[in-house]
>>> print(open('my_file21.cif').read())   # mmCIF, C-alpha atoms
data_final
#
loop_
_atom_site.label_atom_id
_atom_site.label_comp_id
_atom_site.auth_asym_id
_atom_site.auth_seq_id
_atom_site.Cartn_x
_atom_site.Cartn_y
_atom_site.Cartn_z
CA MET A 1 6.08 -25.51 16.39
CA GLU A 2 2.92 -23.64 15.44
CA LEU A 3 2.30 -20.43 13.49
CA ARG A 4 0.83 -18.77 16.58
CA GLN A 5 4.03 -19.53 18.50
CA LEU A 6 6.11 -17.96 15.73
CA GLU A 7 3.80 -14.94 15.60
CA CYS A 8 4.25 -14.44 19.35
CA PHE A 9 8.00 -14.96 19.10
CA ALA A 10 8.31 -12.42 16.27
CA ALA A 11 6.27 -9.89 18.27
CA VAL A 12 8.57 -10.27 21.28
CA VAL A 13 11.64 -9.71 19.09
CA GLU A 14 10.16 -6.73 17.25
CA GLU A 15 8.78 -5.05 20.38
CA GLY A 16 11.88 -5.75 22.47
CA SER A 17 10.13 -7.11 25.56
CA ILE A 18 7.49 -9.57 26.68
CA SER A 19 5.30 -6.83 28.13
CA ALA A 20 5.32 -4.69 24.95
CA ALA A 21 4.64 -7.75 22.80
CA ALA A 22 1.73 -8.75 25.04
CA ARG A 23 0.14 -5.32 24.53
CA LYS A 24 0.60 -5.60 20.76
CA LEU A 25 -0.94 -9.08 20.72
CA HIS A 26 -3.79 -8.04 23.05
CA MET A 27 -2.99 -10.73 25.59
CA SER A 28 -1.73 -10.75 29.16
CA GLN A 29 1.97 -11.12 29.92
CA PRO A 30 2.04 -14.47 31.84
CA PRO A 31 0.56 -16.60 29.00
CA LEU A 32 2.93 -15.01 26.48
CA SER A 33 5.92 -15.64 28.75
CA LEU A 34 4.78 -19.25 29.12
CA ARG A 35 4.53 -19.62 25.34
CA MET A 36 8.12 -18.41 24.97
CA HIS A 37 9.37 -20.88 27.61
CA GLN A 38 7.49 -23.66 25.82
CA LEU A 39 9.02 -22.62 22.49
CA GLU A 40 12.52 -22.71 23.97
CA ALA A 41 11.81 -26.14 25.46
CA GLU A 42 10.55 -27.42 22.12
CA CYS A 43 13.58 -26.05 20.26
CA GLY A 44 15.97 -27.28 22.94
CA VAL A 45 17.93 -24.01 22.96
CA THR A 46 17.87 -20.64 24.71
CA LEU A 47 16.36 -18.02 22.43
CA PHE A 48 16.47 -14.96 24.71
CA VAL A 49 18.69 -13.39 27.29
CA ARG A 50 16.15 -11.67 29.49
CA GLY A 51 17.27 -8.30 30.84
CA ALA A 52 15.58 -5.94 33.28
CA ARG A 53 14.07 -3.79 30.53
CA GLN A 54 14.37 -5.76 27.29
CA ILE A 55 15.31 -9.10 25.81
CA THR A 56 18.40 -9.86 23.72
CA LEU A 57 18.43 -12.61 21.14
CA THR A 58 20.95 -15.42 21.31
CA GLU A 59 22.53 -16.79 18.13
CA ALA A 60 19.80 -19.45 18.05
CA GLY A 61 17.17 -16.76 18.57
CA ASN A 62 18.47 -14.75 15.63
CA LEU A 63 18.38 -17.85 13.44
CA LEU A 64 14.81 -18.69 14.43
CA PHE A 65 13.69 -15.09 13.94
CA ARG A 66 14.92 -15.10 10.32
CA TYR A 67 12.93 -18.26 9.65
CA ALA A 68 9.90 -17.02 11.59
CA ARG A 69 9.75 -13.77 9.63
CA GLU A 70 9.97 -15.65 6.32
CA ILE A 71 7.31 -18.19 7.34
CA LEU A 72 4.90 -15.51 8.56
CA GLU A 73 5.34 -13.42 5.42
CA LEU A 74 4.74 -16.48 3.25
CA GLU A 75 1.59 -17.21 5.28
CA THR A 76 0.41 -13.64 4.66
CA ALA A 77 1.17 -13.96 0.94
CA ALA A 78 -0.67 -17.28 0.74
CA GLY A 79 -3.69 -15.77 2.49
CA ALA A 80 -3.69 -12.80 0.13
CA ASP A 81 -3.49 -15.07 -2.93
CA LEU A 82 -6.32 -17.29 -1.67
CA GLU A 83 -8.46 -14.24 -0.92
CA SER A 84 -7.71 -12.96 -4.41
CA LEU A 85 -8.86 -16.27 -5.88
CA ARG A 86 -12.00 -16.21 -3.72
CA ARG A 87 -12.85 -12.82 -5.21
CA GLY A 88 -12.47 -14.22 -8.72
CA ARG A 89 -8.96 -12.96 -9.41
CA ARG A 90 -6.09 -15.17 -10.63
CA GLY A 91 -3.69 -14.11 -7.90
CA ASN A 92 -1.14 -11.52 -6.84
CA ILE A 93 2.33 -10.68 -8.10
CA ARG A 94 4.66 -9.88 -5.20
CA LEU A 95 6.89 -7.25 -6.80
CA GLY A 96 9.74 -5.33 -5.20
CA LEU A 97 10.32 -1.82 -6.48
CA ILE A 98 13.12 0.65 -5.82
CA SER A 99 11.68 3.88 -4.48
CA SER A 100 13.49 6.00 -7.06
CA CYS A 101 12.29 4.09 -10.11
CA GLY A 102 11.35 6.49 -12.91
CA CYS A 103 11.34 3.82 -15.61
CA ARG A 104 8.77 4.53 -18.32
CA GLU A 105 9.44 1.15 -19.93
CA LEU A 106 8.36 -0.60 -16.71
CA TYR A 107 5.12 1.33 -16.28
CA ASP A 108 4.19 1.04 -19.95
CA GLY A 109 4.69 -2.71 -19.66
CA ILE A 110 2.64 -2.90 -16.45
CA ARG A 111 -0.19 -0.92 -18.05
CA ARG A 112 -0.35 -3.23 -21.07
CA PHE A 113 -0.03 -6.34 -18.89
CA HIS A 114 -2.89 -5.17 -16.70
CA THR A 115 -5.04 -4.53 -19.77
CA SER A 116 -4.44 -8.11 -20.91
CA HIS A 117 -4.71 -9.63 -17.43
CA PRO A 118 -7.13 -7.50 -15.38
CA ASP A 119 -7.70 -10.44 -13.02
CA ILE A 120 -4.09 -10.27 -11.72
CA SER A 121 -3.18 -7.73 -9.04
CA PHE A 122 0.13 -6.46 -7.65
CA VAL A 123 1.47 -6.37 -4.10
CA ILE A 124 4.33 -3.85 -4.04
CA ARG A 125 7.23 -3.87 -1.58
CA GLU A 126 9.43 -0.77 -1.75
CA GLY A 127 13.07 -0.61 -0.73
CA ASN A 128 16.57 0.03 -2.00
CA THR A 129 18.39 -2.38 -4.28
CA PHE A 130 20.16 -4.21 -1.46
CA ASP A 131 16.99 -4.64 0.61
CA LEU A 132 15.10 -6.04 -2.38
CA GLN A 133 17.88 -8.48 -3.20
CA GLU A 134 17.53 -9.85 0.33
CA ASP A 135 13.74 -9.97 -0.04
CA ILE A 136 14.06 -12.12 -3.15
CA ARG A 137 16.59 -14.44 -1.52
CA GLU A 138 14.24 -14.87 1.46
CA ASN A 139 11.21 -15.43 -0.84
CA ARG A 140 9.33 -12.44 0.50
CA ILE A 141 8.88 -11.28 -3.10
CA GLU A 142 9.04 -13.10 -6.43
CA LEU A 143 10.33 -10.35 -8.70
CA ALA A 144 12.06 -7.02 -8.18
CA VAL A 145 12.97 -3.93 -10.15
CA ILE A 146 16.43 -2.85 -9.00
CA ARG A 147 19.22 -0.65 -10.25
CA THR A 148 22.86 -1.40 -11.04
CA PRO A 149 25.48 -1.63 -9.75
CA TYR A 150 24.85 -4.78 -7.71
CA ARG A 151 26.52 -8.16 -7.48
CA ASP A 152 24.36 -11.22 -7.03
CA ALA A 153 25.07 -14.35 -9.07
CA SER A 154 21.84 -15.95 -7.79
CA LEU A 155 19.70 -13.54 -9.87
CA GLU A 156 18.82 -13.50 -13.55
CA HIS A 157 17.66 -10.25 -15.08
CA ILE A 158 16.01 -8.40 -17.94
CA THR A 159 17.38 -4.93 -18.68
CA LEU A 160 14.50 -2.45 -18.86
CA ARG A 161 16.57 0.64 -19.60
CA THR A 162 20.06 2.12 -19.20
CA ASP A 163 20.48 5.69 -17.96
CA PRO A 164 23.41 8.06 -18.27
CA MET A 165 24.16 9.88 -15.04
CA ALA A 166 23.15 13.53 -14.72
CA ALA A 167 23.97 16.51 -12.54
CA ALA A 168 20.97 18.40 -11.18
CA GLY A 169 20.63 21.57 -9.13
CA ALA A 170 23.19 24.35 -8.97
CA LEU A 171 25.28 23.44 -12.03
CA PRO A 172 28.92 24.52 -12.01
CA GLY A 173 30.06 26.30 -15.16
CA THR A 174 33.64 25.06 -15.19
CA ALA A 175 34.76 21.66 -16.46
CA GLY A 176 37.24 19.55 -14.54
CA ILE A 177 36.09 20.55 -11.05
CA THR A 178 36.79 18.41 -8.00
CA PRO A 179 33.51 17.67 -6.19
CA ASP A 180 33.11 18.29 -2.47
CA VAL A 181 30.81 15.45 -1.32
CA VAL A 182 28.26 16.79 1.19
CA CYS A 183 25.91 13.80 1.33
CA THR A 184 25.75 10.20 0.11
CA CYS A 185 22.44 8.32 0.17
CA ASP A 186 20.79 5.23 -1.28
CA ASP A 187 17.71 7.01 -2.66
CA ALA A 188 18.08 9.39 -5.61
CA ARG A 189 14.97 11.28 -4.47
CA THR A 190 16.81 12.37 -1.34
CA ALA A 191 19.77 13.62 -3.38
CA LEU A 192 17.40 15.60 -5.60
CA GLN A 193 15.59 17.01 -2.58
CA TRP A 194 18.89 18.27 -1.16
CA ALA A 195 19.73 19.82 -4.53
CA SER A 196 16.33 21.49 -4.75
CA GLU A 197 16.98 23.08 -1.34
CA GLY A 198 20.24 24.58 -2.61
CA LEU A 199 22.49 22.19 -0.69
CA GLY A 200 24.53 21.15 -3.70
CA THR A 201 24.43 19.37 -7.03
CA ALA A 202 22.87 15.91 -7.16
CA LEU A 203 24.45 13.15 -9.27
CA VAL A 204 21.62 10.80 -10.23
CA PRO A 205 20.44 8.52 -13.05
CA SER A 206 18.82 10.71 -15.70
CA SER A 207 15.41 8.96 -15.70
CA ILE A 208 14.71 10.04 -12.12
CA LEU A 209 14.90 13.73 -13.09
CA ALA A 210 11.22 13.62 -14.12
CA LEU A 211 10.31 13.69 -10.42
CA PHE A 212 11.88 17.16 -10.06
CA PRO A 213 11.13 18.85 -13.41
CA ASP A 214 11.98 22.35 -12.14
CA LEU A 215 15.61 21.48 -11.34
CA SER A 216 18.23 22.46 -13.89
CA ALA A 217 20.00 19.32 -15.07
CA ARG A 218 22.67 18.20 -17.51
CA GLU A 219 23.79 14.71 -18.51
CA LEU A 220 27.42 13.94 -17.72
CA ASP A 221 29.84 13.56 -20.61
CA ALA A 222 31.04 10.25 -19.18
CA PRO A 223 29.82 7.18 -21.14
CA GLU A 224 31.30 4.85 -18.56
CA LEU A 225 29.00 6.25 -15.83
CA VAL A 226 25.66 4.61 -16.47
CA SER A 227 23.04 2.87 -14.35
CA SER A 228 20.67 0.19 -15.65
CA ILE A 229 17.25 -0.79 -14.32
CA HIS A 230 16.74 -4.55 -14.16
CA LEU A 231 13.71 -6.74 -13.61
CA VAL A 232 15.16 -9.66 -11.63
CA ARG A 233 14.14 -13.06 -10.35
CA LYS A 234 15.99 -15.78 -8.48
CA LYS A 235 17.60 -18.25 -10.87
CA ASP A 236 15.69 -21.52 -11.17
CA ALA A 237 12.96 -20.22 -8.82
CA VAL A 238 9.47 -21.58 -9.28
CA LEU A 239 7.27 -18.50 -9.66
CA SER A 240 3.53 -18.27 -9.32
CA GLU A 241 1.67 -18.46 -12.62
CA SER A 242 0.96 -14.71 -12.47
CA ALA A 243 4.57 -13.73 -11.79
CA GLU A 244 5.82 -16.09 -14.50
CA LEU A 245 3.44 -14.49 -17.03
CA PHE A 246 4.60 -11.02 -16.01
CA TYR A 247 8.31 -11.83 -16.22
CA ARG A 248 7.91 -13.64 -19.54
CA SER A 249 6.05 -10.64 -20.99
CA PHE A 250 9.17 -8.50 -20.51
CA ARG A 251 11.50 -11.29 -21.65
CA THR A 252 9.66 -11.57 -24.97
CA GLY A 253 9.00 -7.84 -25.36
CA GLN A 254 5.28 -8.62 -25.57
CA TYR A 255 4.23 -5.30 -24.09
CA LYS A 256 6.79 -2.99 -25.61
CA SER A 257 5.36 0.18 -27.11
#
>>> encode(input="my_file21.cif", output="structure tokens")
Amino acid sequence: MELRQLECFAAVVEEGSISAAARKLHMSQPPLSLRMHQLEAECGVTLFVRGARQITLTEAGNLLFRYAREILELETAAGADLESLRRGRRGNIRLGLISSCGCRELYDGIRRFHTSHPDISFVIREGNTFDLQEDIRENRIELAVIRTPYRDASLEHITLRTDPMAAAGALPGTAGITPDVVCTCDDARTALQWASEGLGTALVPSSILALFPDLSARELDAPELVSSIHLVRKKDAVLSESAELFYRSFRTGQYKS
């Protein structure tokens, strides 16, 4: 099994058909179809159910696609790190970051780390907490900044900050109201955008309010409703030297202001 075979296989899965994948790969359809038949023969299983318009993955195909995606992303990461070294840098830190992260402690730490290690660069992958947990498990990233609540015993963490929850937007003046939930979402920025458009009151971690400074906001008088931002890594994972330095800097508080 070769990387080019896996690249072709992943393209077929992502594009949904041999013909669309061939256009993406800038090759004709018959050679690509032959490659897929050869891959199935090599694996000894059927990977696709070929329909009139699109392919459907078998159970074996789904399994191989998960591995193929991980292998190809690791190849890309390795290439980026080698290119970084060729240019005289020490490497890249593959860092996952929640889109709604407004954590001053994180960015202050990154700024000081970069000052001390200007030869280390960052490759950022954005997503929600659950996506980034999966990315760490699949080794697509080494570290991630995610927000509680989450449950994953395979991760160790450093708490960067803990936020009380806040209400933002059209604030009701009466205590003890029963909320009418209009929208639930996994990105606090979306909740704040809805609130800024007059579609309700957003309940969000207080640190994210800095992204919408014109919204009226008030912290909730509910000490049990908090959300923490964690820098996480997979337990017992062997990190690159750069990522290990970065994680250790927050563990020891080296770059605290």
>>> residues_around(input="my_file21.cif", residues="Thr46 in chain A", least_positions_apart="4", cutoff="8 Å", atoms="all atoms listed in the file", output="JSON list (two decimals) with C-alpha atoms, in the coordinates of the input")
[["chain", "number", "residue", "atom", "x", "y", "z"],
["A", 40, "GLU", "CA", 12.52, -22.71, 23.97],
["A", 58, "THR", "CA", 20.95, -15.42, 21.31],
["A", 60, "ALA", "CA", 19.80, -19.45, 18.05],
["A", 61, "GLY", "CA", 17.17, -16.76, 18.57]]
>>> resolve_selection(input="my_file21.cif", expression="the PyMOL selection byres ((chain A and resi 92-98) around 9)", output="ChimeraX atom specification")
/A:77,80-81,84,89-91,99-101,120-129,132-133,135-136,140-147,187,240,242-243,246
>>> write_last_selection(input="my_file21.cif", atoms="C-alpha atoms", output="PDB file, in the frame of the given file")
ATOM      1  CA  ALA A  77       1.170 -13.960   0.940  1.00  0.00           C
ATOM      2  CA  ALA A  80      -3.690 -12.800   0.130  1.00  0.00           C
ATOM      3  CA  ASP A  81      -3.490 -15.070  -2.930  1.00  0.00           C
ATOM      4  CA  SER A  84      -7.710 -12.960  -4.410  1.00  0.00           C
ATOM      5  CA  ARG A  89      -8.960 -12.960  -9.410  1.00  0.00           C
ATOM      6  CA  ARG A  90      -6.090 -15.170 -10.630  1.00  0.00           C
ATOM      7  CA  GLY A  91      -3.690 -14.110  -7.900  1.00  0.00           C
ATOM      8  CA  SER A  99      11.680   3.880  -4.480  1.00  0.00           C
ATOM      9  CA  SER A 100      13.490   6.000  -7.060  1.00  0.00           C
ATOM     10  CA  CYS A 101      12.290   4.090 -10.110  1.00  0.00           C
ATOM     11  CA  ILE A 120      -4.090 -10.270 -11.720  1.00  0.00           C
ATOM     12  CA  SER A 121      -3.180  -7.730  -9.040  1.00  0.00           C
ATOM     13  CA  PHE A 122       0.130  -6.460  -7.650  1.00  0.00           C
ATOM     14  CA  VAL A 123       1.470  -6.370  -4.100  1.00  0.00           C
ATOM     15  CA  ILE A 124       4.330  -3.850  -4.040  1.00  0.00           C
ATOM     16  CA  ARG A 125       7.230  -3.870  -1.580  1.00  0.00           C
ATOM     17  CA  GLU A 126       9.430  -0.770  -1.750  1.00  0.00           C
ATOM     18  CA  GLY A 127      13.070  -0.610  -0.730  1.00  0.00           C
ATOM     19  CA  ASN A 128      16.570   0.030  -2.000  1.00  0.00           C
ATOM     20  CA  THR A 129      18.390  -2.380  -4.280  1.00  0.00           C
ATOM     21  CA  LEU A 132      15.100  -6.040  -2.380  1.00  0.00           C
ATOM     22  CA  GLN A 133      17.880  -8.480  -3.200  1.00  0.00           C
ATOM     23  CA  ASP A 135      13.740  -9.970  -0.040  1.00  0.00           C
ATOM     24  CA  ILE A 136      14.060 -12.120  -3.150  1.00  0.00           C
ATOM     25  CA  ARG A 140       9.330 -12.440   0.500  1.00  0.00           C
ATOM     26  CA  ILE A 141       8.880 -11.280  -3.100  1.00  0.00           C
ATOM     27  CA  GLU A 142       9.040 -13.100  -6.430  1.00  0.00           C
ATOM     28  CA  LEU A 143      10.330 -10.350  -8.700  1.00  0.00           C
ATOM     29  CA  ALA A 144      12.060  -7.020  -8.180  1.00  0.00           C
ATOM     30  CA  VAL A 145      12.970  -3.930 -10.150  1.00  0.00           C
ATOM     31  CA  ILE A 146      16.430  -2.850  -9.000  1.00  0.00           C
ATOM     32  CA  ARG A 147      19.220  -0.650 -10.250  1.00  0.00           C
ATOM     33  CA  ASP A 187      17.710   7.010  -2.660  1.00  0.00           C
ATOM     34  CA  SER A 240       3.530 -18.270  -9.320  1.00  0.00           C
ATOM     35  CA  SER A 242       0.960 -14.710 -12.470  1.00  0.00           C
ATOM     36  CA  ALA A 243       4.570 -13.730 -11.790  1.00  0.00           C
ATOM     37  CA  PHE A 246       4.600 -11.020 -16.010  1.00  0.00           C
TER      38      PHE A 246
END
>>> atom_distance(input="my_file21.cif", atom1="CA of Ala41 in chain A", atom2="CA of Ala20 in chain A")
22.4 Å
>>> resolve_selection(input="my_file21.cif", expression="the PyMOL selection byres ((chain A and resi 109) around 12)", output="list in words")
Cys103, Arg104, Glu105, Leu106, Tyr107, Asp108, Ile110, Arg111, Arg112, Phe113, His114, Thr115, Ser116, His117, Leu160, Leu231, Phe246, Tyr247, Arg248, Ser249, Phe250, Arg251, Thr252, Gly253, Gln254, Tyr255, Lys256 and Ser257 of chain A
>>> atom_distance(input="my_file21.cif", atom1="CA of Arg151 in chain A", atom2="CA of Phe130 in chain A")
9.6 Å
>>> resolve_selection(input="my_file21.cif", expression="the PyMOL selection byres ((chain A and resi 225) around 12)", output="list of chain:residue names")
A:Thr148, A:Pro149, A:Thr162, A:Asp163, A:Pro164, A:Met165, A:Ala166, A:Ala167, A:Leu203, A:Val204, A:Pro205, A:Ser206, A:Glu219, A:Leu220, A:Asp221, A:Ala222, A:Pro223, A:Glu224, A:Val226, A:Ser227, A:Ser228
>>> atom_distance(input="my_file21.cif", atom1="CA of Glu7 in chain A", atom2="CA of Gly51 in chain A")
21.4 Å
>>> closest_residue(input="my_file21.cif", among="A:Leu74, A:Ala68, A:Leu34, A:Val13", to="Phe48 in chain A", atoms="only C-alpha atoms")
A:Val13
